[in-house]
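Visitor: Let me begin by handing over the structure; questions about it come next.
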Amino acid sequence: MADKRVSTKSKKSTGAKSKKAVRSERRFMPERSNASIATMAGTIVGGLGVGAGLYGQWMTNPTMAVAPWVLAAGSAVLAAVLLWGDLEGTVIRVGDAGIVWERDGKVNRRVAWCDMREVEIRDAMVRVQLEGEVMTFSVASQPLAAAWVAKEANARIPKRWKASKDVIQSLPKTSSDDGEGLVVEPLQVTGRSCRASQRTITFERDARYCVRCGEVYHKDDLPDRCLTCDADLRDAQEA
Ligand SMILES: [Zn+2]
């Protein structure tokens, strides 16, 4: 293991004096699932149909009798693809700091493990229940990311993790070199409130976070064990 990697187990230090830890995560590109291949094929077929229909209808003389039908069929396929097509193919990251949904190569949304009310894999979707909203991604386009969510959620927030044995067994096996390894950018902790005392964190240096679930505490109100995941907070890190 590289020496800069953080181990939540080997490092015993007091929360107040601990050094800043490097947090890492894995980045997963969406796979070309059957659904997205069908989407692409549908788009092409639909596009060709509309094109051929338009051509037959307006460009040729005399008008081909079949043109309106080709146009209608092409339009219907396109409409179906637009309505139900799976073109999203979101880039997903999974790691120490939770799950990230990317958009255009940037973090669009990051959800820390401690902020997940429930994590579930059901109906081929990873569903993350937050307060007042649900974030999802498709297992078909992100099977490895789903497998890592299963592994991490089970280790970090087992009481909030839900999936049937069949679902878990259907996920791909994880390996240490899955995905693209990234270092997590420093987290925004100011403005969050301490999980124990509700005190608002005003200065970054006052913040300590739980390495297992990411829960944030004020350094003066740090309990022995994490109130969210029960991890030993002697391992708590400066933000
Ligand atoms: Zn915790």
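Identifiers in this document derive from the order of the structure tokens: chains are assigned A, B, ..., residues are numbered from 1 separately in each chain, and ligands are numbered from 1 in order of occurrence.
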Neighbours of ligand 1 within 8 Å, counting only C-alpha atoms and all ligand atoms, as a PyMOL selection string?

Guide: chain A and resi 114+156+209-215+225-231+233

Visitor: So that I can check the secondary structure, give me every residue of segment 59-158 of chain A assigned alpha helix (DSSP H) by backbone DSSP, as a PyMOL selection string.

Guide: chain A and resi 67-84+143-156

Visitor: I'd like the neighbourhood of Gln198 of chain A as a list of chain:residue names, where a residue qualifies if any of its atoms comes within 12 Å (using only C-alpha atoms), though same-chain residues fewer than 3 positions away should be ignored.

Guide: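 Result of the neighbour search: A:Gly191, A:Arg192, A:Ser193, A:Cys194, A:Arg195, A:Ile201, A:Val216, A:Tyr217, A:His218, A:Asp220, A:Asp221, A:Leu222.
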
Visitor: Find the residues around Ser176 of chain A up to 12 Å (only C-alpha atoms counted), leave out those fewer than 2 positions away in its own chain, and share them as a short mmCIF file (atom, residue, chain, number, x, y, z; two decimals) with N, CA and C atoms, in the first residue's frame.

Guide:
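That gives us selection-v8.cif:
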data_model
loop_
_atom_site.label_atom_id
_atom_site.label_comp_id
_atom_site.auth_asym_id
_atom_site.auth_seq_id
_atom_site.Cartn_x
_atom_site.Cartn_y
_atom_site.Cartn_z
N MET A 1 0.85 -1.21 0.00
CA MET A 1 0.00 0.00 0.00
C MET A 1 0.88 1.25 0.00
N GLU A 25 -11.09 8.19 -3.69
CA GLU A 25 -12.30 7.60 -4.24
C GLU A 25 -12.03 7.02 -5.61
N ARG A 26 -12.97 6.24 -6.10
CA ARG A 26 -12.84 5.60 -7.40
C ARG A 26 -13.85 6.21 -8.36
N GLY A 95 -16.26 6.38 -2.70
CA GLY A 95 -15.04 6.31 -1.89
C GLY A 95 -15.23 6.81 -0.48
N LEU A 144 -19.99 -1.79 -11.69
CA LEU A 144 -18.89 -1.79 -10.71
C LEU A 144 -19.11 -0.74 -9.63
N TRP A 148 -19.33 -1.34 -5.64
CA TRP A 148 -18.56 -0.60 -4.63
C TRP A 148 -19.47 0.09 -3.62
N LYS A 173 -17.64 -8.73 -9.02
CA LYS A 173 -16.67 -8.78 -7.92
C LYS A 173 -15.82 -7.51 -7.94
N THR A 174 -15.56 -6.96 -6.77
CA THR A 174 -14.73 -5.76 -6.73
C THR A 174 -13.26 -6.16 -6.63
N ASP A 178 -10.11 -1.33 -9.32
CA ASP A 178 -11.31 -0.89 -10.05
C ASP A 178 -11.33 0.62 -10.18
N GLY A 179 -11.82 1.09 -11.30
CA GLY A 179 -12.05 2.52 -11.48
C GLY A 179 -10.76 3.32 -11.55
N GLU A 180 -10.94 4.63 -11.67
CA GLU A 180 -9.80 5.54 -11.72
C GLU A 180 -9.64 6.14 -10.32
N GLY A 181 -8.45 5.97 -9.72
CA GLY A 181 -8.24 6.45 -8.35
C GLY A 181 -8.08 7.96 -8.31
#

Visitor: Identify, with DSSP run on backbone atoms, the residues in segment 117-205 of chain A assigned to strand (DSSP E), and express the list as a list in words.

Guide: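 Answer for segment 117-205 of chain A, restricted to strand (DSSP E): Glu118, Val119, Glu120, Ile121, Arg122, Met125, Val126, Arg127, Val128, Gln129, Leu130, Glu133, Val134, Met135, Thr136, Phe137, Ser138, Trp161, Lys162, Glu180, Gly181, Leu182 and Val183 of chain A.
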
Visitor: If we count only C-alpha atoms, what is near Ala239 of chain A at a cut-off of 10 Å, once residues fewer than 3 positions away on the same chain are taken out, given as a count of residues only?

Guide: 19

Visitor: Give me, please, the distance in Å between atom CA of Lys165 of chain A and atom CA of Gly98 of chain A, quoted to one decimal.

Guide: 22.7 Å

Visitor: In Å, with one decimal, what is the gap from atom CA of Met135 of chain A to atom CA of Gln237 of chain A?

Guide: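 Here the two named atoms are 27.3 Å from each other.
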
Visitor: So what do you get for atom CA of Gly89 of chain A versus atom CA of Arg127 of chain A, distance-wise?

Guide: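 It comes out at 15.7 Å.
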
Visitor: Counting only C-alpha atoms, which of A:Ile157, A:Met116, A:Val126, A:Val107 gets nearest to Gln142 of chain A?

Guide: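 The answer is A:Val126, which sits nearest to Gln142 of chain A.
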
Visitor: Considering only C-alpha atoms, state which residue in the set A:Lys106, A:Arg199, A:Arg23, A:Lys219 is at the smallest distance from Ile92 of chain A.

Guide: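 Looking at the shortest contact to Ile92 of chain A, the residue is A:Lys106.
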
Visitor: Of the candidates A:Ala140, A:Met125, A:Val119, A:Ala52, which one gets nearest to Pro158 of chain A if we count only C-alpha atoms?

Guide: A:Val119

Visitor: When distances are computed from only C-alpha atoms, which of A:Leu48, A:Arg117, A:Val94, A:Asp235 shows the smallest separation from Ala73 of chain A?

Guide: A:Leu48

Visitor: Need the shell around Leu171 of chain A: protein/DNA/RNA residues with any atom at most 8 Å away, counting only C-alpha atoms. Skip same-chain ones fewer than 5 positions apart. Format as a list in words?

Guide: Pro143, Leu144, Ala146 and Ala147 of chain A
